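Heads up, upload_34.tsv below (TSV, C-alpha atoms):
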chain	number	residue	atom	x	y	z
B	78	MET	CA	-4.87	-15.48	-13.86
B	79	THR	CA	-1.59	-13.96	-15.05
B	80	LYS	CA	1.33	-14.84	-12.80
B	81	LEU	CA	3.31	-11.82	-11.68
B	82	PRO	CA	7.01	-11.97	-12.57
B	83	LYS	CA	9.40	-12.63	-9.69
B	84	ALA	CA	11.81	-9.79	-8.94
B	85	ILE	CA	15.40	-10.56	-10.01
B	86	PRO	CA	17.98	-10.07	-7.21
B	87	ALA	CA	20.41	-7.27	-8.09
B	88	ALA	CA	22.98	-5.06	-6.38
B	89	THR	CA	24.86	-1.83	-6.99
B	90	ILE	CA	27.49	0.37	-5.34
B	91	ILE	CA	27.31	4.15	-5.13
B	92	LEU	CA	31.00	5.09	-5.16
B	93	GLY	CA	31.80	8.46	-3.62
B	94	ARG	CA	34.97	10.55	-3.48
B	95	GLN	CA	36.17	14.04	-2.53
B	96	ASN	CA	37.48	16.28	-5.28
B	97	HIS	CA	38.83	19.27	-3.34
B	98	ASN	CA	35.69	20.67	-1.69
B	99	SER	CA	33.31	18.81	-3.97
B	100	PHE	CA	31.57	15.51	-3.16
B	101	GLU	CA	31.30	13.39	-6.32
B	102	ILE	CA	29.71	10.07	-7.23
B	103	PHE	CA	30.64	7.71	-10.05
B	104	MET	CA	28.09	6.95	-12.78
B	105	VAL	CA	28.18	5.06	-16.06
B	106	LEU	CA	26.16	5.60	-19.24
B	107	ARG	CA	24.38	2.42	-20.32
B	108	HIS	CA	24.72	1.33	-23.94
B	109	LYS	CA	21.73	2.32	-26.08
B	110	LYS	CA	21.24	-1.32	-27.11
B	111	MET	CA	20.98	-2.66	-23.55
B	112	GLU	CA	17.64	-4.26	-22.72
B	113	PHE	CA	17.36	-2.48	-19.36
B	114	ALA	CA	18.04	1.22	-18.68
B	115	SER	CA	19.40	1.87	-22.18
B	116	SER	CA	21.08	5.29	-22.60
B	117	ALA	CA	20.60	6.07	-18.89
B	118	TYR	CA	23.18	7.14	-16.31
B	119	VAL	CA	23.31	4.55	-13.54
B	120	PHE	CA	25.52	3.31	-10.73
B	121	PRO	CA	27.65	0.27	-11.64
B	122	GLY	CA	25.81	-2.92	-10.73
B	123	GLY	CA	23.63	-5.70	-12.01
B	124	LYS	CA	22.01	-9.06	-11.39
B	125	VAL	CA	23.17	-11.43	-8.69
B	126	ASP	CA	24.93	-14.43	-10.21
B	127	PRO	CA	24.26	-17.89	-8.70
B	128	SER	CA	27.98	-18.17	-7.92
B	129	ASP	CA	27.72	-15.02	-5.77
B	130	MET	CA	25.60	-17.12	-3.39
B	131	ASP	CA	28.14	-19.93	-3.11
B	132	ASP	CA	28.88	-20.55	0.58
B	133	SER	CA	32.61	-20.71	-0.17
B	134	ILE	CA	32.69	-17.01	-1.03
B	135	TYR	CA	31.66	-16.02	2.50
B	136	ASN	CA	35.03	-17.11	3.88
B	137	LEU	CA	36.69	-14.79	1.37
B	138	CYS	CA	34.89	-11.66	2.57
B	139	ASN	CA	35.84	-9.15	5.23
B	140	THR	CA	32.72	-8.48	7.24
B	141	HIS	CA	31.87	-6.94	10.60
B	142	ASN	CA	29.47	-9.76	11.42
B	143	PRO	CA	30.28	-13.08	9.74
B	144	LEU	CA	27.32	-14.73	11.49
B	145	ASN	CA	24.85	-12.45	9.71
B	146	SER	CA	25.18	-13.21	6.00
B	147	ASN	CA	21.63	-12.22	5.00
B	148	ASN	CA	22.81	-9.62	2.50
B	149	LEU	CA	26.38	-10.81	2.00
B	150	PHE	CA	25.72	-12.29	-1.44
B	151	PHE	CA	24.27	-8.93	-2.52
B	152	LYS	CA	27.56	-7.31	-1.44
B	153	VAL	CA	29.57	-9.92	-3.35
B	154	ALA	CA	27.47	-9.25	-6.45
B	155	ALA	CA	27.87	-5.48	-6.04
B	156	ILE	CA	31.66	-5.79	-5.77
B	157	ARG	CA	31.83	-8.14	-8.76
B	158	GLU	CA	29.59	-6.00	-10.97
B	159	THR	CA	31.46	-2.81	-10.04
B	160	PHE	CA	34.77	-4.45	-10.96
B	161	GLU	CA	33.34	-5.75	-14.25
B	162	GLU	CA	31.76	-2.44	-15.26
B	163	ALA	CA	34.02	0.17	-13.67
B	164	GLY	CA	37.36	-1.53	-13.01
B	165	ILE	CA	37.31	-0.66	-9.30
B	166	LEU	CA	37.86	-3.60	-6.97
B	167	MET	CA	36.88	-3.32	-3.31
B	168	ALA	CA	39.38	-5.88	-2.04
B	169	ARG	CA	42.41	-6.35	0.21
B	170	ASN	CA	45.41	-8.61	0.19
B	171	LYS	CA	44.85	-11.17	2.93
B	172	GLY	CA	45.81	-9.91	6.38
B	173	GLU	CA	46.07	-6.27	5.28
B	174	LYS	CA	43.87	-3.32	6.25
B	175	GLU	CA	44.35	-1.12	3.19
B	176	LEU	CA	42.58	-1.76	-0.09
B	177	ILE	CA	44.71	-2.99	-2.97
B	178	GLY	CA	46.24	-0.21	-5.02
B	179	LYS	CA	46.27	0.92	-8.62
B	180	ASP	CA	49.20	-1.17	-9.88
B	181	GLN	CA	47.73	-4.39	-8.50
B	182	VAL	CA	44.23	-3.62	-9.78
B	183	ASP	CA	45.65	-2.77	-13.21
B	184	SER	CA	47.23	-6.24	-13.32
B	185	LEU	CA	43.82	-7.80	-12.57
B	186	GLN	CA	41.86	-6.04	-15.31
B	187	LYS	CA	41.98	-9.18	-17.51
B	188	TYR	CA	39.55	-10.81	-15.09
B	189	ARG	CA	36.80	-8.30	-15.89
B	190	THR	CA	35.99	-9.98	-19.21
B	191	LEU	CA	36.38	-13.47	-17.76
B	192	LEU	CA	33.91	-12.70	-14.97
B	193	ASN	CA	31.48	-10.98	-17.32
B	194	ASN	CA	31.52	-13.99	-19.69
B	195	ASN	CA	31.18	-16.51	-16.83
B	196	LYS	CA	34.59	-18.01	-17.63
B	197	ILE	CA	35.54	-17.76	-13.95
B	198	THR	CA	33.53	-17.30	-10.75
B	199	MET	CA	34.17	-14.59	-8.19
B	200	SER	CA	35.21	-17.24	-5.68
B	201	GLU	CA	37.74	-18.74	-8.09
B	202	PHE	CA	39.13	-15.30	-8.92
B	203	VAL	CA	39.51	-14.28	-5.28
B	204	LYS	CA	41.16	-17.59	-4.30
B	205	LYS	CA	43.51	-17.52	-7.29
B	206	GLU	CA	44.76	-14.01	-6.49
B	207	GLY	CA	44.91	-14.48	-2.70
B	208	ILE	CA	42.72	-11.49	-1.93
B	209	SER	CA	39.61	-10.91	0.20
B	210	LEU	CA	36.53	-8.84	-0.64
B	211	ALA	CA	36.03	-5.67	1.43
B	212	CYS	CA	32.35	-6.32	2.14
B	213	ASP	CA	32.74	-4.45	5.45
B	214	LEU	CA	33.19	-1.17	3.55
B	215	LEU	CA	29.84	-1.44	1.77
B	216	VAL	CA	27.20	0.46	3.75
B	217	PRO	CA	23.56	-0.55	3.09
B	218	PHE	CA	21.95	2.54	1.58
B	219	ALA	CA	18.62	1.60	0.00
B	220	HIS	CA	16.44	-1.31	-1.10
B	221	TRP	CA	14.13	-0.90	-4.09
B	222	ILE	CA	11.84	-3.45	-5.73
B	223	THR	CA	10.18	-2.79	-9.08
B	224	PRO	CA	6.36	-2.30	-8.91
B	225	VAL	CA	4.48	-5.58	-8.91
B	226	ASN	CA	2.54	-5.03	-12.16
B	227	LEU	CA	5.52	-4.41	-14.45
B	228	PRO	CA	6.76	-7.14	-16.84
B	229	LYS	CA	10.42	-7.04	-15.70
B	230	ARG	CA	11.19	-6.62	-12.02
B	231	PHE	CA	14.35	-6.21	-9.95
B	232	ASP	CA	14.97	-6.57	-6.22
B	233	THR	CA	17.93	-4.19	-5.89
B	234	HIS	CA	20.14	-3.48	-2.88
B	235	PHE	CA	22.07	-0.21	-3.06
B	236	PHE	CA	25.32	0.14	-1.12
B	237	LEU	CA	27.39	3.25	-0.42
B	238	ALA	CA	31.20	3.12	-0.34
B	239	LYS	CA	34.15	5.46	-0.42
B	240	ALA	CA	36.06	4.87	-3.64
B	241	PRO	CA	39.68	3.71	-3.27
B	242	HIS	CA	41.85	6.80	-3.58
B	243	ASP	CA	44.37	5.24	-5.97
B	244	GLN	CA	42.25	3.16	-8.33
B	245	ASP	CA	41.03	4.49	-11.67
B	246	ALA	CA	37.35	4.03	-12.50
B	247	ASN	CA	36.43	3.52	-16.15
B	248	HIS	CA	33.49	2.12	-18.11
B	249	ASP	CA	33.76	-1.29	-19.75
B	250	GLY	CA	32.80	-0.16	-23.26
B	251	ILE	CA	30.29	-3.00	-23.54
B	252	GLU	CA	27.40	-2.50	-21.14
B	253	SER	CA	28.46	1.10	-20.48
B	254	VAL	CA	29.89	3.47	-23.08
B	255	ASN	CA	30.79	6.49	-20.96
B	256	SER	CA	31.46	7.33	-17.33
B	257	VAL	CA	31.67	10.39	-15.15
B	258	TRP	CA	32.49	11.59	-11.66
B	259	ILE	CA	29.82	14.16	-10.90
B	260	SER	CA	28.31	15.96	-7.93
B	261	PRO	CA	24.82	14.81	-6.85
B	262	LEU	CA	23.44	18.32	-7.40
B	263	LYS	CA	24.87	18.50	-10.94
B	264	ILE	CA	23.43	15.15	-12.06
B	265	LEU	CA	20.05	16.11	-10.59
B	266	LYS	CA	20.18	19.38	-12.55
B	267	ASP	CA	21.09	17.51	-15.74
B	268	ALA	CA	18.21	15.07	-15.18
B	269	LYS	CA	15.77	17.95	-14.66
B	270	ASN	CA	16.77	19.71	-17.88
B	271	LYS	CA	16.83	16.33	-19.67
B	272	SER	CA	20.46	16.58	-20.78
B	273	LYS	CA	21.01	13.24	-19.03
B	274	SER	CA	18.59	10.34	-18.63
B	275	VAL	CA	18.32	9.13	-15.02
B	276	LEU	CA	15.88	6.47	-13.81
B	277	PHE	CA	13.48	7.31	-10.99
B	278	PRO	CA	15.09	5.10	-8.28
B	279	THR	CA	18.56	6.37	-9.24
B	280	LYS	CA	17.36	9.96	-9.09
B	281	MET	CA	15.75	9.45	-5.69
B	282	ASN	CA	18.91	7.95	-4.22
B	283	ILE	CA	21.05	10.75	-5.66
B	284	SER	CA	18.62	13.22	-4.12
B	285	LYS	CA	19.12	11.60	-0.70
B	286	LEU	CA	22.89	12.04	-1.11
B	287	SER	CA	22.68	15.63	-2.30
B	288	VAL	CA	22.33	17.02	1.25
B	289	TYR	CA	25.85	15.93	2.24
B	290	ASN	CA	29.06	17.88	1.77
B	291	SER	CA	31.37	14.88	1.83
B	292	ILE	CA	31.37	11.13	1.32
B	293	ASP	CA	32.55	10.68	4.92
B	294	ASP	CA	29.56	12.65	6.25
B	295	ALA	CA	27.20	10.65	4.06
B	296	ILE	CA	28.57	7.29	5.22
B	297	LYS	CA	28.48	8.33	8.90
B	298	LYS	CA	24.82	9.35	8.67
B	299	ILE	CA	23.66	6.48	6.45
B	300	LYS	CA	25.09	3.94	8.90
B	301	GLN	CA	22.58	5.24	11.46
B	302	ASP	CA	19.57	5.07	9.14
B	303	LYS	CA	17.06	2.26	8.95
B	304	ILE	CA	16.61	0.84	5.47
B	305	VAL	CA	12.96	0.87	4.39
B	306	THR	CA	12.14	-1.28	1.36
B	307	VAL	CA	10.61	0.80	-1.43
B	308	ILE	CA	8.13	-0.83	-3.81
B	309	PRO	CA	6.73	2.10	-5.84
B	310	GLU	CA	2.99	1.93	-6.34
B	311	ILE	CA	1.51	3.07	-9.65
B	312	VAL	CA	-1.54	5.21	-8.84
B	313	THR	CA	-3.99	6.83	-11.26
B	314	GLU	CA	-5.18	10.21	-10.03
B	315	LYS	CA	-7.28	12.98	-11.56
B	316	LYS	CA	-4.21	14.82	-12.94
B	317	GLY	CA	-2.47	11.73	-14.24
B	318	VAL	CA	-0.54	8.59	-13.29
B	319	PHE	CA	1.92	8.80	-10.40
B	320	LEU	CA	4.54	6.65	-8.71
B	321	HIS	CA	4.02	6.65	-4.93
B	322	ILE	CA	6.78	5.69	-2.49
B	323	PRO	CA	6.50	5.37	1.32
B	324	LYS	CA	7.22	8.46	3.42
B	325	GLU	CA	9.12	6.27	5.89
B	326	ALA	CA	11.84	5.65	3.27
B	327	GLY	CA	13.20	9.14	3.93
B	328	TYR	CA	13.17	10.67	0.45
B	329	LYS	CA	12.36	14.31	-0.24
B	330	ILE	CA	9.27	13.44	-2.26
B	331	THR	CA	6.69	10.69	-1.92
B	332	LYS	CA	5.30	10.68	-5.45
B	333	GLU	CA	6.36	11.46	-9.00
B	334	LEU	CA	4.30	12.12	-12.12
B	335	ILE	CA	4.90	9.59	-14.88
B	336	PHE	CA	1.97	10.44	-17.18
B	337	LEU	CA	-0.08	13.64	-17.36
B	338	ASN	CA	-3.71	13.42	-18.41
B	339	SER	CA	-4.56	15.56	-21.41
Would you mind giving the structure from this file in structure tokens?
Amino acid sequence: MTKLPKAIPAATIILGRQNHNSFEIFMVLRHKKMEFASSAYVFPGGKVDPSDMDDSIYNLCNTHNPLNSNNLFFKVAAIRETFEEAGILMARNKGEKELIGKDQVDSLQKYRTLLNNNKITMSEFVKKEGISLACDLLVPFAHWITPVNLPKRFDTHFFLAKAPHDQDANHDGIESVNSVWISPLKILKDAKNKSKSVLFPTKMNISKLSVYNSIDDAIKKIKQDKIVTVIPEIVTEKKGVFLHIPKEAGYKITKELIFLNS
């Protein structure tokens, strides 16, 4: 019997901002040579590193409930990956309420490569710079696990956060080769007309955000929602092969065509 691959823990942040009356999200274009999601627009994120689960990092996080650390290492991974890929760091100087600003983040950009190449751990970086991770600002948004019969699987936690108003987001030029602030409705339109490649889970989560007029409204509502784990099921029907997702997850659709029978 073939053993099914174990899903790899992963995390990502959907960064949102207001641009006048427009609600925008930040997305990066994956390099065409990347093994996963090549040439697709995605949210910054990636695999959980073993060092993200180090108990020492928990004392370096701001969190509403320090006793409940069930998903804290996913938040640490999401913050680390977003800093590596996009240059935005969800962090505070110790004892302060405001997030660190542009000048300080600019001075920390050298750590992006060091973290990405495993030359330094997130815990070492945070301790060295005397900062704390703003895990309290990451709102659980969605939880998707790759279908069980696929060769490479991810167990991904999506978080929603308001982007710092005075930090500049930019792609790393390695894993991602372009980046954009774009409205949810515009990226959905681009995905539909195939001018941009967007993976199914990404598209579904953008669709859930598209009903909101502002990042503040989205965060307020999402905080009240119950997260339902989505494991898409591949189903063969008369018309073709579909991906089915549970109605309870709160998405606009419950199935998507992936292959049409001739």
Proximity to Gly327 in chain B - best of B:Ser128, B:Ala240, B:Ala219, B:Lys280, only C-alpha atoms: B:Ala219
CA of Lys263 in chain B to CA of Met281 in chain B, straight-line distance in Å: 13.9 Å
Who sits within 10 Å of Asp249 in chain B, only C-alpha atoms, same chain under 4 positions skipped, as a list in words: Val105, Phe160, Glu161, Glu162, Ala163, Gly164, Arg189, Thr190, Ser253, Val254, Asn255 and Ser256 of chain B
Dump of C-alpha atoms for the selected residues, as a PDB file, in the frame of the given file:
ATOM      1  CA  VAL B 105      28.180   5.060 -16.060  1.00  0.00           C
ATOM      2  CA  PHE B 160      34.770  -4.450 -10.960  1.00  0.00           C
ATOM      3  CA  GLU B 161      33.340  -5.750 -14.250  1.00  0.00           C
ATOM      4  CA  GLU B 162      31.760  -2.440 -15.260  1.00  0.00           C
ATOM      5  CA  ALA B 163      34.020   0.170 -13.670  1.00  0.00           C
ATOM      6  CA  GLY B 164      37.360  -1.530 -13.010  1.00  0.00           C
ATOM      7  CA  ARG B 189      36.800  -8.300 -15.890  1.00  0.00           C
ATOM      8  CA  THR B 190      35.990  -9.980 -19.210  1.00  0.00           C
ATOM      9  CA  SER B 253      28.460   1.100 -20.480  1.00  0.00           C
ATOM     10  CA  VAL B 254      29.890   3.470 -23.080  1.00  0.00           C
ATOM     11  CA  ASN B 255      30.790   6.490 -20.960  1.00  0.00           C
ATOM     12  CA  SER B 256      31.460   7.330 -17.330  1.00  0.00           C
TER      13      SER B 256
END
Contacts of range 321-324 of chain B within 7 Å, only C-alpha atoms, excl. fewer than 6 positions in-chain, as JSON, numbers by chain: {"B": [307, 308, 309, 310, 311, 312, 331, 332, 333]}
12 Å contact set for Ala87 in chain B, only C-alpha atoms, chain neighbours under 2 positions out, as a PyMOL selection string: chain B and resi 84-85+89-90+121-127+129+148+150-158+220-223+230-236
